[in-house]
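Coordinates as given in protein11.csv (CSV, C-alpha atoms):
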```
chain,number,residue,atom,x,y,z
A,1,MET,CA,47.3,60.5,17.2
A,2,ALA,CA,43.8,59.0,17.4
A,3,MET,CA,42.4,57.6,14.2
A,4,ASN,CA,39.4,59.6,12.9
A,5,PRO,CA,36.2,57.4,13.1
A,6,THR,CA,34.3,56.2,10.1
A,7,ILE,CA,30.8,57.5,10.2
A,8,VAL,CA,28.3,54.7,9.3
A,9,LEU,CA,24.9,55.9,8.3
A,10,ILE,CA,22.0,53.4,8.8
A,11,HIS,CA,18.8,54.1,7.0
A,12,GLY,CA,15.3,53.1,8.3
A,13,ALA,CA,12.3,51.5,6.9
A,14,LEU,CA,10.5,52.9,3.9
A,15,SER,CA,13.6,54.6,2.6
A,16,ASP,CA,17.0,53.6,1.4
A,17,ALA,CA,20.6,54.8,1.8
A,18,SER,CA,19.8,57.8,-0.5
A,19,VAL,CA,18.0,59.4,2.5
A,20,TRP,CA,21.5,60.3,3.7
A,21,ASN,CA,22.7,61.9,0.5
A,22,ALA,CA,22.8,65.5,1.6
A,23,VAL,CA,24.2,64.7,5.0
A,24,ASN,CA,26.7,62.4,3.5
A,25,ALA,CA,27.9,65.1,1.1
A,26,LYS,CA,28.3,67.6,3.9
A,27,LEU,CA,30.3,65.1,6.0
A,28,GLN,CA,32.6,64.2,3.1
A,29,GLN,CA,33.2,67.9,2.4
A,30,GLU,CA,34.5,68.2,6.0
A,31,GLY,CA,36.9,65.4,5.4
A,32,HIS,CA,35.0,62.6,7.1
A,33,THR,CA,35.0,59.0,5.9
A,34,VAL,CA,31.4,57.9,5.5
A,35,LEU,CA,29.7,54.7,4.6
A,36,ALA,CA,25.9,54.3,4.1
A,37,PRO,CA,25.1,50.6,3.5
A,38,ALA,CA,21.8,49.3,2.2
A,39,MET,CA,20.1,47.3,5.0
A,40,PRO,CA,18.3,44.0,4.2
A,41,MET,CA,15.1,44.9,6.2
A,42,ARG,CA,14.1,41.2,6.4
A,43,SER,CA,14.2,40.9,10.2
A,44,LEU,CA,15.8,42.7,13.1
A,45,ALA,CA,18.1,39.8,13.8
A,46,GLU,CA,19.3,39.8,10.2
A,47,ASP,CA,19.8,43.5,10.1
A,48,ILE,CA,21.9,43.3,13.3
A,49,THR,CA,23.9,40.4,11.9
A,50,TYR,CA,24.4,42.3,8.6
A,51,LEU,CA,25.7,45.4,10.3
A,52,SER,CA,28.0,43.5,12.6
A,53,SER,CA,29.5,41.8,9.6
A,54,PHE,CA,29.8,45.1,7.8
A,55,LEU,CA,31.6,46.7,10.8
A,56,SER,CA,34.1,43.9,10.9
A,57,THR,CA,35.4,45.0,7.6
A,58,ILE,CA,36.2,48.5,8.8
A,59,ASP,CA,39.6,49.2,10.4
A,60,GLY,CA,39.4,51.6,13.3
A,61,PRO,CA,36.7,53.2,15.3
A,62,VAL,CA,33.2,54.1,14.0
A,63,VAL,CA,30.3,56.4,15.0
A,64,LEU,CA,27.0,54.8,14.2
A,65,VAL,CA,24.1,56.9,13.0
A,66,GLY,CA,20.6,55.5,12.8
A,67,HIS,CA,17.4,57.0,11.3
A,68,SER,CA,14.0,55.7,12.3
A,69,TYR,CA,14.1,51.9,12.5
A,70,GLY,CA,17.9,52.2,12.0
A,71,GLY,CA,18.0,53.3,15.6
A,72,THR,CA,16.7,50.0,16.7
A,73,VAL,CA,19.5,48.2,14.8
A,74,ILE,CA,22.3,50.3,16.2
A,75,SER,CA,21.0,49.8,19.7
A,76,ALA,CA,21.8,46.1,19.6
A,77,PRO,CA,24.2,44.7,22.3
A,78,ALA,CA,26.6,43.7,19.5
A,79,PHE,CA,27.5,47.4,19.1
A,80,ALA,CA,28.5,48.0,22.7
A,81,THR,CA,32.2,47.6,21.7
A,82,GLU,CA,35.3,49.7,21.9
A,83,GLN,CA,35.1,50.1,18.1
A,84,VAL,CA,31.8,52.0,18.4
A,85,LEU,CA,32.7,55.4,19.9
A,86,GLY,CA,29.1,56.8,19.9
A,87,LEU,CA,25.5,56.3,18.7
A,88,VAL,CA,23.6,59.1,17.0
A,89,TYR,CA,19.8,58.8,16.6
A,90,ILE,CA,17.9,60.8,14.0
A,91,SER,CA,14.1,60.7,14.5
A,92,ALA,CA,14.8,57.2,15.7
A,93,PHE,CA,13.9,54.3,17.9
A,94,ALA,CA,16.1,53.4,20.8
A,95,PRO,CA,14.5,50.3,22.4
A,96,ASP,CA,15.2,48.5,25.6
A,97,SER,CA,15.1,44.8,26.1
A,98,GLY,CA,11.6,43.4,25.6
A,99,GLU,CA,10.4,46.2,23.4
A,100,SER,CA,9.7,46.3,19.7
A,101,SER,CA,9.7,49.2,17.2
A,102,GLY,CA,6.0,48.7,16.4
A,103,GLU,CA,5.0,48.7,20.0
A,104,LEU,CA,7.0,51.8,20.8
A,105,ASN,CA,5.5,53.6,17.8
A,106,GLY,CA,2.0,52.9,19.0
A,107,ARG,CA,2.6,53.6,22.7
A,108,TRP,CA,2.0,57.3,22.3
A,109,PRO,CA,-0.7,59.0,20.1
A,110,GLY,CA,0.2,61.0,17.0
A,111,SER,CA,1.5,58.5,14.5
A,112,THR,CA,-0.3,58.3,11.1
A,113,LEU,CA,1.7,55.3,10.1
A,114,ASN,CA,-1.2,52.8,10.2
A,115,GLY,CA,-3.4,50.6,8.1
A,116,ASP,CA,-4.9,53.5,6.3
A,117,SER,CA,-1.6,54.9,5.1
A,118,THR,CA,0.2,51.7,4.4
A,119,VAL,CA,0.0,48.7,2.1
A,120,VAL,CA,1.4,45.2,2.5
A,121,ARG,CA,2.8,43.3,-0.5
A,122,ALA,CA,3.7,39.6,-0.5
A,123,SER,CA,7.2,38.7,-1.4
A,124,PRO,CA,9.5,35.6,-1.2
A,125,PHE,CA,10.9,37.2,2.0
A,126,GLY,CA,7.6,37.7,3.8
A,127,GLN,CA,4.9,40.4,4.0
A,128,GLU,CA,6.5,43.7,3.1
A,129,LEU,CA,5.3,47.1,4.3
A,130,TYR,CA,5.1,50.2,2.2
A,131,LEU,CA,3.6,53.6,2.6
A,132,LYS,CA,0.9,54.3,0.0
A,133,PRO,CA,2.3,56.8,-2.4
A,134,GLN,CA,-0.5,59.3,-1.7
A,135,SER,CA,0.3,59.1,2.0
A,136,PHE,CA,4.0,59.3,1.9
A,137,GLY,CA,4.2,63.1,2.1
A,138,SER,CA,1.7,63.5,5.0
A,139,VAL,CA,3.2,60.6,7.1
A,140,TYR,CA,6.9,60.7,6.3
A,141,GLY,CA,7.9,64.1,4.8
A,142,HIS,CA,5.3,66.8,4.9
A,143,ASP,CA,8.0,69.5,4.8
A,144,LEU,CA,9.6,68.2,1.6
A,145,PRO,CA,9.0,69.4,-2.0
A,146,GLU,CA,6.3,67.4,-3.8
A,147,SER,CA,8.9,66.3,-6.4
A,148,THR,CA,11.1,64.8,-3.6
A,149,VAL,CA,8.1,63.1,-2.0
A,150,ALA,CA,7.2,61.5,-5.3
A,151,LEU,CA,10.7,60.2,-5.8
A,152,MET,CA,11.0,58.8,-2.3
A,153,ALA,CA,7.5,57.3,-2.5
A,154,SER,CA,8.3,55.5,-5.7
A,155,SER,CA,11.6,54.1,-4.5
A,156,GLN,CA,10.8,52.8,-1.0
A,157,ARG,CA,12.8,50.0,0.5
A,158,PRO,CA,10.1,48.0,2.3
A,159,ILE,CA,10.5,46.3,5.7
A,160,ASN,CA,9.2,42.9,6.6
A,161,VAL,CA,6.2,43.5,8.8
A,162,ALA,CA,7.5,40.9,11.3
A,163,ALA,CA,10.6,43.0,11.9
A,164,LEU,CA,8.6,45.8,13.4
A,165,GLY,CA,7.1,43.3,15.9
A,166,GLU,CA,10.4,41.6,16.7
A,167,PHE,CA,11.3,42.0,20.4
A,168,PHE,CA,14.6,43.6,21.1
A,169,GLN,CA,16.8,41.3,23.2
A,170,GLY,CA,19.7,41.9,25.6
A,171,VAL,CA,21.4,45.0,27.1
A,172,PRO,CA,21.2,47.9,24.6
A,173,ALA,CA,24.4,49.5,23.4
A,174,TRP,CA,23.2,52.9,24.4
A,175,LEU,CA,23.5,51.9,28.1
A,176,THR,CA,27.3,52.1,27.8
A,177,ARG,CA,28.0,54.1,24.6
A,178,PRO,CA,27.6,57.9,24.4
A,179,SER,CA,24.4,58.8,22.6
A,180,TRP,CA,22.9,61.8,20.8
A,181,MET,CA,19.3,62.2,19.6
A,182,LEU,CA,17.7,64.6,17.1
A,183,ILE,CA,14.0,64.9,17.9
A,184,SER,CA,11.8,65.8,15.0
A,185,THR,CA,9.1,67.8,16.7
A,186,GLU,CA,6.7,67.7,13.8
A,187,ASP,CA,7.0,64.0,13.2
A,188,ARG,CA,3.8,62.3,12.1
A,189,SER,CA,5.4,58.8,11.9
A,190,LEU,CA,7.3,58.3,15.2
A,191,PRO,CA,5.6,60.5,17.8
A,192,PRO,CA,7.9,63.2,19.3
A,193,ALA,CA,6.7,62.1,22.8
A,194,ALA,CA,8.2,58.6,22.0
A,195,GLN,CA,11.5,60.2,20.9
A,196,HIS,CA,11.6,62.3,24.1
A,197,PHE,CA,11.0,59.3,26.2
A,198,MET,CA,13.7,57.2,24.6
A,199,ALA,CA,16.3,60.0,24.5
A,200,THR,CA,15.7,60.8,28.2
A,201,ARG,CA,15.9,57.2,29.2
A,202,MET,CA,19.3,56.6,27.5
A,203,GLY,CA,20.7,59.9,28.7
A,204,ALA,CA,21.2,61.2,25.2
A,205,THR,CA,22.4,64.7,24.3
A,206,MET,CA,19.2,66.0,22.7
A,207,THR,CA,18.4,68.6,20.1
A,208,GLU,CA,15.0,69.5,18.8
A,209,VAL,CA,14.3,70.4,15.2
A,210,ASP,CA,10.9,71.5,13.8
A,211,CYS,CA,10.7,69.0,11.0
A,212,SER,CA,9.1,65.8,9.7
A,213,HIS,CA,10.3,62.2,10.1
A,214,ALA,CA,12.4,62.8,7.0
A,215,ALA,CA,15.0,64.9,9.0
A,216,PRO,CA,18.0,63.7,7.0
A,217,VAL,CA,16.4,65.0,3.8
A,218,SER,CA,14.5,68.1,5.1
A,219,GLN,CA,17.1,69.3,7.7
A,220,PRO,CA,20.5,67.9,6.5
A,221,GLY,CA,22.3,70.8,8.1
A,222,ALA,CA,21.0,70.1,11.6
A,223,VAL,CA,21.6,66.4,11.2
A,224,PHE,CA,25.2,67.1,10.0
A,225,GLN,CA,25.9,69.3,12.9
A,226,LEU,CA,24.7,66.8,15.5
A,227,ILE,CA,26.9,64.1,13.9
A,228,GLU,CA,29.8,66.6,13.9
A,229,ASN,CA,29.2,67.3,17.6
A,230,ALA,CA,29.1,63.6,18.4
A,231,VAL,CA,32.4,62.9,16.5
A,232,GLY,CA,34.1,65.8,18.2
A,233,ALA,CA,33.0,64.7,21.6
A,234,THR,CA,34.0,61.1,21.2
A,235,THR,CA,37.4,61.9,19.7
A,236,SER,CA,38.4,64.7,22.1
A,237,PRO,CA,41.3,64.0,24.5
A,238,ARG,CA,38.9,64.1,27.4
A,239,SER,CA,36.5,61.5,26.0
A,240,GLY,CA,38.5,58.7,27.4
A,241,SER,CA,37.1,55.3,26.5
A,242,ALA,CA,33.9,56.9,25.1
A,243,SER,CA,31.8,55.0,27.6
A,244,LYS,CA,29.2,56.2,30.0
A,245,GLU,CA,27.9,55.0,33.4
A,246,LYS,CA,24.3,54.3,34.0
```
As a first step, turn the structure in this file into structure tokens.
Amino acid sequence: MAMNPTIVLIHGALSDASVWNAVNAKLQQEGHTVLAPAMPMRSLAEDITYLSSFLSTIDGPVVLVGHSYGGTVISAPAFATEQVLGLVYISAFAPDSGESSGELNGRWPGSTLNGDSTVVRASPFGQELYLKPQSFGSVYGHDLPESTVALMASSQRPINVAALGEFFQGVPAWLTRPSWMLISTEDRSLPPAAQHFMATRMGATMTEVDCSHAAPVSQPGAVFQLIENAVGATTSPRSGSASKEK
């Protein structure tokens, strides 16, 4: 009997692992083992190394789920392994070699994540990017209650600005791992056109949801269902080695 995979939820920039709370609760209610680590957000290379080390402590298969910048992390060549049964992208980046999260975000019009909506604060770890509290709702979660927006805006986990410009290197994991993408059609942070482009390029199973960039918070049911679908597909008797040809 195949071992059920551990679902590993990777948050993106400007939020922390709590962005997954509602999704995590639904998955656990269905009997899944779920882990949602806090990512360093100091550099792309460090985040990849951190997640690789984290996965090495898990016995058995995993399904990786990335939100926003978390999608860049889970796309790394390090995760094109038999342990990783599938990759699920939630309003997320899925870069190819030579691309960066920042460049992909600006390649299509529509993002309001810019110099007017953000602030950079110096830290011992470099220049850290935050959304201005007054901009958080309009950029990140316009479909969330004001009280939720206020909480998220006040507890952001910033990202080193340099990480957004760090070029992705190597053959992406999505080239050989099955992939799923939730496209947030009302996204004002990562343009929906960019999400469509990346999902199509990697041959992902796509679903569209009318929501903001904060899909795990505003649409936890849809996110839960996509993850459930991915887990079911990768663990079915016909899924084989859970790889795909390109």
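Contact shell of Asp16 in chain A at 12 Å (only C-alpha atoms; same-chain neighbours under 4 positions omitted): Leu9, Ile10, His11, Gly12, Trp20, Asn21, Ala36, Pro37, Ala38, Met39, Pro40, Met41, His67, Ser68, Tyr69, Gly70, Leu151, Met152, Ala153, Ser154, Ser155, Gln156, Arg157, Pro158, Ile159, Ala214, Pro216 and Val217 of chain A.
Between CA of Glu166 in chain A and CA of Glu99 in chain A lies a distance of 8.1 Å.
Comparing A:Thr235, A:Ser18, A:Thr207, A:Ser189 by their smallest distance to Thr148 in chain A, the closest is A:Ser18 (using all atoms listed in the file).
One finds CA of Glu208 in chain A at 15.7 Å from CA of Asp143 in chain A.
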Report task. Excluding Val119 in chain A and any residue of its chain fewer than 2 positions from it, enumerate the residues within 8 Å of it, using only C-alpha atoms, and give them as a PyMOL selection string. Result -> chain A and resi 115+117+121+129-132
Query - Pick from A:Ala162, A:Ala215, A:Met3, A:Ala230, whichever lies nearest to Ser101 in chain A using all atoms listed in the file - result: A:Ala162
**Report entry** Local residues around (19.4, 49.0, 17.0), at most 10 Å away, using only C-alpha atoms, as a ChimeraX atom specification
**Finding:** /A:10,44-45,47-48,51,64,66,68-79,87,89,92-96,101,168,172-174
**Report entry** Contact residues around range 200-203 of chain A with all atoms listed in the file at 10 Å, ignoring same-chain residues under 2 positions, as a ChimeraX atom specification
**Finding:** /A:94-96,172-181,194-198,205-206,244-246
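Ranking A:Val209, A:Ala122, A:Val88, A:Ala22 by their shortest atom-to-atom distance to Ala233 in chain A, with only C-alpha atoms included, puts A:Val88 first.
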Report summary line: Counting only C-alpha atoms, closest pick from A:Ser91, A:Ser97, A:Ser135, A:Thr112 relative to Pro192 in chain A is A:Ser91
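Counting from CA of Gly102 in chain A, the distance to CA of Pro133 in chain A is 20.8 Å.
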